[in-house]
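entry-v4.csv, holding CSV, C-alpha atoms and all ligand atoms:
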chain,number,residue,atom,x,y,z
I,164,MET,CA,60.1,97.9,105.2
I,165,GLU,CA,61.4,95.0,107.3
I,166,LYS,CA,64.8,93.7,106.2
I,167,GLN,CA,65.3,90.0,106.1
I,168,THR,CA,68.6,88.4,106.7
I,169,PHE,CA,70.2,85.6,104.7
I,170,GLU,CA,70.4,82.2,106.2
I,171,PRO,CA,73.0,82.3,108.9
I,172,ASN,CA,74.7,79.0,107.7
I,173,GLU,CA,77.1,79.9,105.0
I,174,THR,CA,77.4,77.6,102.1
I,175,ALA,CA,80.9,76.2,102.0
I,176,VAL,CA,83.1,77.1,99.0
I,177,PRO,CA,86.8,76.4,98.6
I,178,GLU,CA,89.3,79.2,99.1
I,179,GLY,CA,89.9,79.6,95.3
I,180,THR,CA,92.9,81.1,93.6
I,181,THR,CA,93.4,84.8,93.1
I,182,TYR,CA,95.5,86.0,90.1
I,183,GLN,CA,96.7,89.6,90.4
I,184,LEU,CA,96.3,90.2,86.7
I,185,PHE,CA,97.4,93.3,84.8
I,186,PRO,CA,99.7,95.0,87.3
I,187,THR,CA,100.9,98.5,86.6
I,188,PRO,CA,104.7,98.7,86.9
I,189,VAL,CA,105.9,102.0,88.3
I,190,LYS,CA,109.7,102.1,88.9
I,191,LEU,CA,111.5,104.7,91.0
I,192,PHE,CA,115.2,105.5,90.9
I,193,GLU,CA,116.7,107.7,93.6
I,194,LEU,CA,119.8,109.3,91.9
I,195,GLU,CA,122.5,111.4,93.4
I,196,GLU,CA,123.1,114.0,90.7
I,197,ALA,CA,123.8,117.3,92.5
I,198,GLN,CA,126.1,118.7,89.8
I,199,MET,CA,123.8,117.8,87.0
I,200,ASN,CA,120.8,119.3,88.9
I,201,ALA,CA,122.7,122.5,89.5
I,202,GLU,CA,123.5,122.8,85.8
I,203,LEU,CA,120.0,122.1,84.7
I,204,ALA,CA,118.5,124.4,87.3
I,205,ALA,CA,120.8,127.3,86.1
I,206,PHE,CA,119.6,126.6,82.5
I,207,PHE,CA,115.9,126.5,83.4
I,208,ASN,CA,116.1,129.5,85.6
I,209,ASN,CA,118.1,131.7,83.3
I,210,HIS,CA,117.2,130.8,79.7
I,211,GLU,CA,114.7,133.3,78.4
I,212,HIS,CA,112.5,130.6,76.9
I,213,PHE,CA,111.3,129.4,80.3
I,214,SER,CA,110.2,132.9,81.4
I,215,ARG,CA,107.7,133.1,78.6
I,216,SER,CA,104.0,133.1,79.7
I,217,ASP,CA,103.2,130.2,77.3
I,218,GLN,CA,106.1,128.0,78.1
I,219,ALA,CA,104.0,125.5,80.1
I,220,GLN,CA,101.5,125.1,77.2
I,221,MET,CA,104.3,124.7,74.8
I,222,SER,CA,106.6,122.5,76.9
I,223,ASP,CA,105.8,119.2,75.1
I,224,VAL,CA,106.3,120.5,71.6
I,225,THR,CA,109.9,121.5,72.2
I,226,THR,CA,113.0,119.5,71.7
I,227,LEU,CA,115.0,119.9,74.9
I,228,MET,CA,118.1,118.2,73.5
I,229,GLU,CA,118.6,121.0,71.0
I,230,HIS,CA,120.1,122.9,73.9
I,231,ALA,CA,122.5,120.0,74.9
I,232,PRO,CA,125.6,121.5,73.1
I,233,GLN,CA,125.3,124.5,75.5
I,234,VAL,CA,124.0,122.5,78.5
I,235,PRO,CA,126.0,119.2,78.6
I,236,ALA,CA,124.0,118.1,81.7
I,237,LEU,CA,121.2,117.3,79.2
I,238,TYR,CA,123.4,114.6,77.7
I,239,ARG,CA,123.9,113.2,81.2
I,240,LEU,CA,120.2,113.2,81.8
I,241,GLU,CA,119.4,111.6,78.5
I,242,GLY,CA,121.9,108.8,79.4
I,243,LEU,CA,120.2,108.3,82.7
I,244,PHE,CA,116.8,108.1,81.1
I,245,LEU,CA,118.1,105.5,78.6
I,246,GLY,CA,119.6,103.5,81.4
I,247,GLY,CA,116.4,103.6,83.4
I,248,LEU,CA,114.4,102.6,80.2
I,249,LYS,CA,116.6,99.6,79.7
I,250,ARG,CA,116.0,98.4,83.3
I,251,TYR,CA,112.3,99.1,83.0
I,252,CYS,CA,111.9,97.3,79.7
I,253,ARG,CA,113.7,94.2,81.0
I,254,GLU,CA,111.4,94.1,84.0
I,255,ILE,CA,108.2,94.2,81.9
I,256,GLY,CA,109.5,91.7,79.4
I,257,TRP,CA,110.3,93.9,76.4
I,258,GLN,CA,113.6,92.4,75.1
I,259,GLY,CA,115.2,92.6,71.7
I,260,GLU,CA,116.1,95.3,69.3
I,261,PHE,CA,113.9,98.4,68.8
I,262,ASP,CA,113.5,101.5,66.9
I,263,LEU,CA,113.2,104.1,69.7
I,264,ALA,CA,111.5,107.5,69.4
I,265,MET,CA,112.4,109.6,72.5
I,266,GLN,CA,111.3,113.0,73.5
I,267,MET,CA,112.5,115.0,76.5
I,268,PHE,CA,110.5,118.1,77.5
I,269,PRO,CA,110.8,120.5,80.4
I,270,ASN,CA,108.4,121.2,83.2
I,271,VAL,CA,109.1,124.6,84.7
I,272,ALA,CA,106.3,125.0,87.2
I,273,PRO,CA,106.0,128.4,89.0
I,274,GLN,CA,104.3,128.8,92.4
I,275,GLY,CA,100.7,127.6,92.3
I,276,HIS,CA,101.1,125.7,89.0
I,277,TYR,CA,99.3,122.4,88.6
I,278,VAL,CA,98.9,119.9,85.8
I,279,PRO,CA,95.4,118.5,85.1
I,280,SER,CA,94.8,114.8,84.8
I,281,HIS,CA,96.3,113.3,81.6
I,282,ASN,CA,98.2,110.4,80.1
I,283,HIS,CA,100.8,110.4,77.3
I,284,VAL,CA,100.8,109.4,73.7
I,285,SER,CA,103.7,106.9,73.8
I,286,HIS,CA,104.5,103.5,75.2
I,287,ILE,CA,106.6,104.3,78.3
I,288,SER,CA,106.9,107.7,80.1
I,289,ALA,CA,109.3,109.0,82.7
I,290,VAL,CA,110.0,112.1,84.7
I,291,TYR,CA,113.1,113.3,86.5
I,292,TYR,CA,113.0,115.9,89.2
I,293,VAL,CA,115.7,118.6,89.2
I,294,HIS,CA,114.3,120.9,91.9
I,295,THR,CA,111.4,120.5,94.3
I,296,ARG,CA,110.4,122.0,97.7
I,297,PRO,CA,111.6,119.6,100.5
I,298,SER,CA,108.7,117.4,101.6
I,299,ASP,CA,108.4,115.4,104.9
I,300,ARG,CA,106.0,113.0,103.2
I,301,PRO,CA,107.2,109.5,102.1
I,302,LEU,CA,108.4,109.2,98.5
I,303,LEU,CA,105.4,107.1,97.5
I,304,VAL,CA,102.2,106.5,99.3
I,305,SER,CA,99.9,103.8,97.9
I,306,ASP,CA,97.7,102.7,100.9
I,307,GLU,CA,95.6,105.9,101.4
I,308,SER,CA,91.9,105.7,101.8
I,309,VAL,CA,89.6,107.4,99.3
I,310,GLN,CA,89.1,110.3,101.8
I,311,ASP,CA,92.8,111.0,101.6
I,312,TYR,CA,92.5,111.3,97.8
I,313,TRP,CA,90.6,114.6,98.3
I,314,ARG,CA,93.1,116.1,100.7
I,315,PRO,CA,94.9,119.0,98.9
I,316,ASP,CA,98.5,117.7,99.3
I,317,GLU,CA,101.1,120.1,98.0
I,318,GLY,CA,103.1,119.3,94.9
I,319,ALA,CA,102.0,115.6,94.7
I,320,LEU,CA,102.1,113.5,91.6
I,321,ILE,CA,98.8,111.5,91.8
I,322,LEU,CA,98.7,108.3,89.9
I,323,HIS,CA,95.2,107.0,89.1
I,324,ASP,CA,94.0,103.5,88.9
I,325,PRO,CA,94.2,102.9,85.1
I,326,ARG,CA,91.4,100.3,85.0
I,327,PHE,CA,88.5,101.5,83.0
I,328,ASN,CA,86.3,103.7,85.3
I,329,ALA,CA,87.9,102.1,88.3
I,330,SER,CA,87.9,105.3,90.3
I,331,LEU,CA,84.1,105.7,89.8
I,332,GLN,CA,83.1,102.2,91.0
I,333,GLY,CA,82.6,101.5,94.6
I,334,GLY,CA,85.4,99.5,96.2
I,335,TRP,CA,87.9,100.1,93.5
I,336,GLN,CA,89.1,103.7,94.4
I,337,TYR,CA,92.8,103.1,94.3
I,338,HIS,CA,95.4,105.8,93.8
I,339,ALA,CA,99.0,106.5,94.7
I,340,LYS,CA,100.8,109.7,95.4
I,341,VAL,CA,104.4,110.5,94.8
I,342,PHE,CA,106.0,113.3,96.8
I,343,PRO,CA,109.0,114.0,94.6
I,344,ARG,CA,112.5,115.2,95.6
I,345,PRO,CA,115.5,116.1,93.5
I,346,GLY,CA,117.1,113.1,92.0
I,347,LEU,CA,114.0,111.1,91.7
I,348,MET,CA,113.5,109.4,88.3
I,349,LEU,CA,110.2,107.6,87.8
I,350,PHE,CA,109.1,105.3,85.0
I,351,PHE,CA,105.5,104.3,84.3
I,352,PRO,CA,103.4,103.1,81.4
I,353,SER,CA,102.2,106.0,79.2
I,354,PHE,CA,98.6,104.9,79.6
I,355,LEU,CA,98.6,105.7,83.3
I,356,TRP,CA,96.5,108.7,84.1
I,357,HIS,CA,98.2,111.2,86.4
I,358,GLU,CA,98.1,114.8,87.6
I,359,VAL,CA,100.2,117.2,89.7
I,360,THR,CA,98.7,119.3,92.5
I,361,PRO,CA,99.8,122.9,93.0
I,362,HIS,CA,103.0,123.7,95.0
I,363,GLY,CA,103.5,126.8,97.1
I,364,ALA,CA,107.3,127.3,96.9
I,365,PRO,CA,108.2,130.8,95.7
I,366,GLU,CA,110.7,129.4,93.2
I,367,PRO,CA,109.7,127.2,90.2
I,368,ARG,CA,109.6,123.4,90.5
I,369,LEU,CA,111.9,121.9,87.9
I,370,SER,CA,111.5,118.6,86.2
I,371,VAL,CA,112.1,116.9,82.8
I,372,ALA,CA,109.6,114.5,81.3
I,373,ALA,CA,110.4,111.9,78.7
I,374,ASN,CA,108.3,109.8,76.3
I,375,PHE,CA,109.5,106.7,74.7
I,376,SER,CA,107.9,104.9,71.7
I,377,LEU,CA,109.4,101.5,70.8
I,378,ALA,CA,108.9,99.4,67.7
I,379,TYR,CA,110.4,95.9,67.5
I,380,ARG,CA,113.0,95.7,64.7
I,381,ASP,CA,112.5,91.9,64.1
I,382,ILE,CA,109.1,92.3,62.5
I,383,PRO,CA,107.7,89.2,60.9
I,384,ALA,CA,107.9,88.9,57.2
I,385,TYR,CA,104.1,88.8,56.7
I,386,GLU,CA,103.8,92.3,58.3
I,387,ARG,CA,104.2,94.8,55.4
I,388,HIS,CA,105.5,98.2,56.4
I,389,LYS,CA,104.8,101.0,54.1
I,390,LEU,CA,104.7,104.8,54.2
I,391,PHE,CA,101.0,105.8,54.4
I,392,SER,CA,99.6,109.3,53.9
I,393,CYS,CA,96.1,110.6,54.3
N,401,FE,FE,102.4,113.7,82.4
How does the structure come out when it is put into structure tokens?
Amino acid sequence: MEKQTFEPNETAVPEGTTYQLFPTPVKLFELEEAQMNAELAAFFNNHEHFSRSDQAQMSDVTTLMEHAPQVPALYRLEGLFLGGLKRYCREIGWQGEFDLAMQMFPNVAPQGHYVPSHNHVSHISAVYYVHTRPSDRPLLVSDESVQDYWRPDEGALILHDPRFNASLQGGWQYHAKVFPRPGLMLFFPSFLWHEVTPHGAPEPRLSVAANFSLAYRDIPAYERHKLFSC
């Protein structure tokens, strides 16, 4: 069938105004915490809990801070998470007094381990890397083509475009990859879908994830708060 072309003379339209609405703030901190990392690595590598076969499945139903009296580095890490959370909240415009629910859980990832695509049930999430295999890739890559998405990069944290079905629609296939190194602390909204590709290092990759749920304290008087059971 013969294709017809549109009229060559374009109809003039003004340039218009573009609003980059609904950005996804992802904040990275590069911390120098060699001593804390060494203490945490010794804990993860030597505590019997992390050599259990089901430790990966059970990692997010544990309370890492219960070990803090024996591993003071966990107090240090908790403080760093809270400091990062404060900076992140200020940037996204959350200001005031909150009730905060915070969970820290370990990710001890042996060789070949991967994490399927998921998001978190909280408001803000973070991860801190204690030990990773050295990488010559940039810390964060956000300008790759869709072909690069399918390249099996080692040990990459892939962040998916959170817009509904964005990755399935032509022209919207955006993603970013983080190639973590020890000392990296990363904050992102918990709704952001992400996954981790396998790594090939013989020793486990060590990181700690954190979830934060915040409830404003200065709730309006018309909002009735009650204990509800069902
Ligand atoms: Fe996650």
Enumerate as a ChimeraX atom specification the residues within 8 Å of ligand FE 401 (chain N), counting only C-alpha atoms and all ligand atoms.
/I:278,281-283,288,356-358,372
Would you kindly identify which residues have an atom no farther than 7 Å from (116.6, 111.6, 84.3), using only C-alpha atoms and the file's own coordinates, and write them out as a ChimeraX atom specification?
/I:240-241,243-244,290-291,348
Keeping only C-alpha atoms, write the selected residues as a compact mmCIF listing (two decimals), keeping the file's coordinate frame.
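Saved to selection_2.txt:
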# COMPACT_ATOMS: atom_id res chain seq x y z
CA LEU I 240 120.20 113.20 81.80
CA GLU I 241 119.40 111.60 78.50
CA LEU I 243 120.20 108.30 82.70
CA PHE I 244 116.80 108.10 81.10
CA VAL I 290 110.00 112.10 84.70
CA TYR I 291 113.10 113.30 86.50
CA MET I 348 113.50 109.40 88.30
Env of I:Lys340: 8 Å cut, atoms = only C-alpha atoms, seq-sep filter 2 positions within chain, self excluded. Answer as a ChimeraX atom specification.
/I:303-305,319-322,338,342
Have a look at I:Pro343, I:Pro279, I:Pro273, I:Gly333 and name the one nearest to I:Glu366; count only C-alpha atoms.
I:Pro273
Might you pull out every residue within 12 Å of I:Tyr337, with only C-alpha atoms counted and same-chain residues fewer than 5 positions away left off, and present them as a list in words?
Val304, Ser305, Asp306, Glu307, Ser308, Val309, Gln310, Asp311, Tyr312, Ile321, Leu322, His323, Asp324, Pro325, Arg326, Asn328, Ala329, Ser330, Leu331 and Gln332 of chain I
Polymer residues at most 10 Å from stretch 266-270 of chain I, only C-alpha atoms, same-chain spacing of 2 or more positions, as a compact mmCIF listing (two decimals) with C-alpha atoms, in the coordinates of the input:
# COMPACT_ATOMS: atom_id res chain seq x y z
CA PHE I 207 115.90 126.50 83.40
CA PHE I 213 111.30 129.40 80.30
CA GLN I 218 106.10 128.00 78.10
CA ALA I 219 104.00 125.50 80.10
CA GLN I 220 101.50 125.10 77.20
CA MET I 221 104.30 124.70 74.80
CA SER I 222 106.60 122.50 76.90
CA ASP I 223 105.80 119.20 75.10
CA VAL I 224 106.30 120.50 71.60
CA THR I 225 109.90 121.50 72.20
CA THR I 226 113.00 119.50 71.70
CA LEU I 227 115.00 119.90 74.90
CA MET I 228 118.10 118.20 73.50
CA LEU I 237 121.20 117.30 79.20
CA LEU I 240 120.20 113.20 81.80
CA GLU I 241 119.40 111.60 78.50
CA PHE I 244 116.80 108.10 81.10
CA LEU I 263 113.20 104.10 69.70
CA ALA I 264 111.50 107.50 69.40
CA ALA I 272 106.30 125.00 87.20
CA PRO I 273 106.00 128.40 89.00
CA VAL I 278 98.90 119.90 85.80
CA SER I 285 103.70 106.90 73.80
CA SER I 288 106.90 107.70 80.10
CA ALA I 289 109.30 109.00 82.70
CA VAL I 290 110.00 112.10 84.70
CA TYR I 291 113.10 113.30 86.50
CA TYR I 292 113.00 115.90 89.20
CA VAL I 293 115.70 118.60 89.20
CA PRO I 367 109.70 127.20 90.20
CA ARG I 368 109.60 123.40 90.50
CA LEU I 369 111.90 121.90 87.90
CA SER I 370 111.50 118.60 86.20
CA VAL I 371 112.10 116.90 82.80
CA ALA I 372 109.60 114.50 81.30
CA ALA I 373 110.40 111.90 78.70
CA ASN I 374 108.30 109.80 76.30
CA PHE I 375 109.50 106.70 74.70
CA SER I 376 107.90 104.90 71.70
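Across the structure, atom CA of I:Pro235 and atom CA of I:Ser214 are spaced 21.1 Å apart.
For the set I:Phe350, I:Met199, I:His294, I:Glu178, the residue with the smallest atom-to-atom gap to I:Arg239 is I:Met199, counting only C-alpha atoms.
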For I:Gly318: contacts at 9 Å, only C-alpha atoms, fewer than 3 positions along chain excluded, given as a PDB file with C-alpha atoms, in the frame of the given file:
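Below you can see result31.pdb, which holds the result:
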ATOM      1  CA  HIS I 276     101.100 125.700  89.000  1.00  0.00           C
ATOM      2  CA  TYR I 277      99.300 122.400  88.600  1.00  0.00           C
ATOM      3  CA  THR I 295     111.400 120.500  94.300  1.00  0.00           C
ATOM      4  CA  ARG I 296     110.400 122.000  97.700  1.00  0.00           C
ATOM      5  CA  SER I 298     108.700 117.400 101.600  1.00  0.00           C
ATOM      6  CA  VAL I 341     104.400 110.500  94.800  1.00  0.00           C
ATOM      7  CA  PHE I 342     106.000 113.300  96.800  1.00  0.00           C
ATOM      8  CA  PRO I 343     109.000 114.000  94.600  1.00  0.00           C
ATOM      9  CA  VAL I 359     100.200 117.200  89.700  1.00  0.00           C
ATOM     10  CA  THR I 360      98.700 119.300  92.500  1.00  0.00           C
ATOM     11  CA  PRO I 361      99.800 122.900  93.000  1.00  0.00           C
ATOM     12  CA  HIS I 362     103.000 123.700  95.000  1.00  0.00           C
ATOM     13  CA  GLY I 363     103.500 126.800  97.100  1.00  0.00           C
ATOM     14  CA  ARG I 368     109.600 123.400  90.500  1.00  0.00           C
TER      15      ARG I 368
END
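Here atom CA of I:Phe354 stands at a distance of 12.8 Å from atom CA of I:Phe185.
Between atom CA of I:Arg250 and atom CA of I:Val234 lies a distance of 25.8 Å.
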Could N, CA and C atoms be built for stretch 192-207 of chain I and written out as a CSV table (one decimal), keeping the file's coordinate frame?
chain,number,residue,atom,x,y,z
I,192,PHE,N,113.8,105.5,90.7
I,192,PHE,CA,115.2,105.5,90.9
I,192,PHE,C,115.5,106.7,91.7
I,193,GLU,N,116.3,106.6,92.8
I,193,GLU,CA,116.7,107.7,93.6
I,193,GLU,C,118.2,108.0,93.2
I,194,LEU,N,118.4,109.0,92.4
I,194,LEU,CA,119.8,109.3,91.9
I,194,LEU,C,120.4,110.4,92.7
I,195,GLU,N,121.7,110.3,92.8
I,195,GLU,CA,122.5,111.4,93.4
I,195,GLU,C,123.2,112.2,92.3
I,196,GLU,N,122.6,113.3,91.8
I,196,GLU,CA,123.1,114.0,90.7
I,196,GLU,C,123.2,115.5,91.0
I,197,ALA,N,123.8,115.9,92.1
I,197,ALA,CA,123.8,117.3,92.5
I,197,ALA,C,124.4,118.2,91.4
I,198,GLN,N,125.5,117.8,90.8
I,198,GLN,CA,126.1,118.7,89.8
I,198,GLN,C,125.2,118.8,88.6
I,199,MET,N,124.7,117.7,88.1
I,199,MET,CA,123.8,117.8,87.0
I,199,MET,C,122.5,118.7,87.3
I,200,ASN,N,122.0,118.5,88.5
I,200,ASN,CA,120.8,119.3,88.9
I,200,ASN,C,121.1,120.7,88.9
I,201,ALA,N,122.3,121.1,89.4
I,201,ALA,CA,122.7,122.5,89.5
I,201,ALA,C,122.8,123.1,88.1
I,202,GLU,N,123.4,122.3,87.1
I,202,GLU,CA,123.5,122.8,85.8
I,202,GLU,C,122.2,123.0,85.1
I,203,LEU,N,121.3,122.0,85.3
I,203,LEU,CA,120.0,122.1,84.7
I,203,LEU,C,119.2,123.2,85.3
I,204,ALA,N,119.3,123.4,86.6
I,204,ALA,CA,118.5,124.4,87.3
I,204,ALA,C,118.9,125.8,86.8
I,205,ALA,N,120.3,126.0,86.6
I,205,ALA,CA,120.8,127.3,86.1
I,205,ALA,C,120.2,127.5,84.7
I,206,PHE,N,120.1,126.4,83.9
I,206,PHE,CA,119.6,126.6,82.5
I,206,PHE,C,118.1,127.0,82.5
I,207,PHE,N,117.3,126.2,83.3
I,207,PHE,CA,115.9,126.5,83.4
I,207,PHE,C,115.6,127.9,84.0
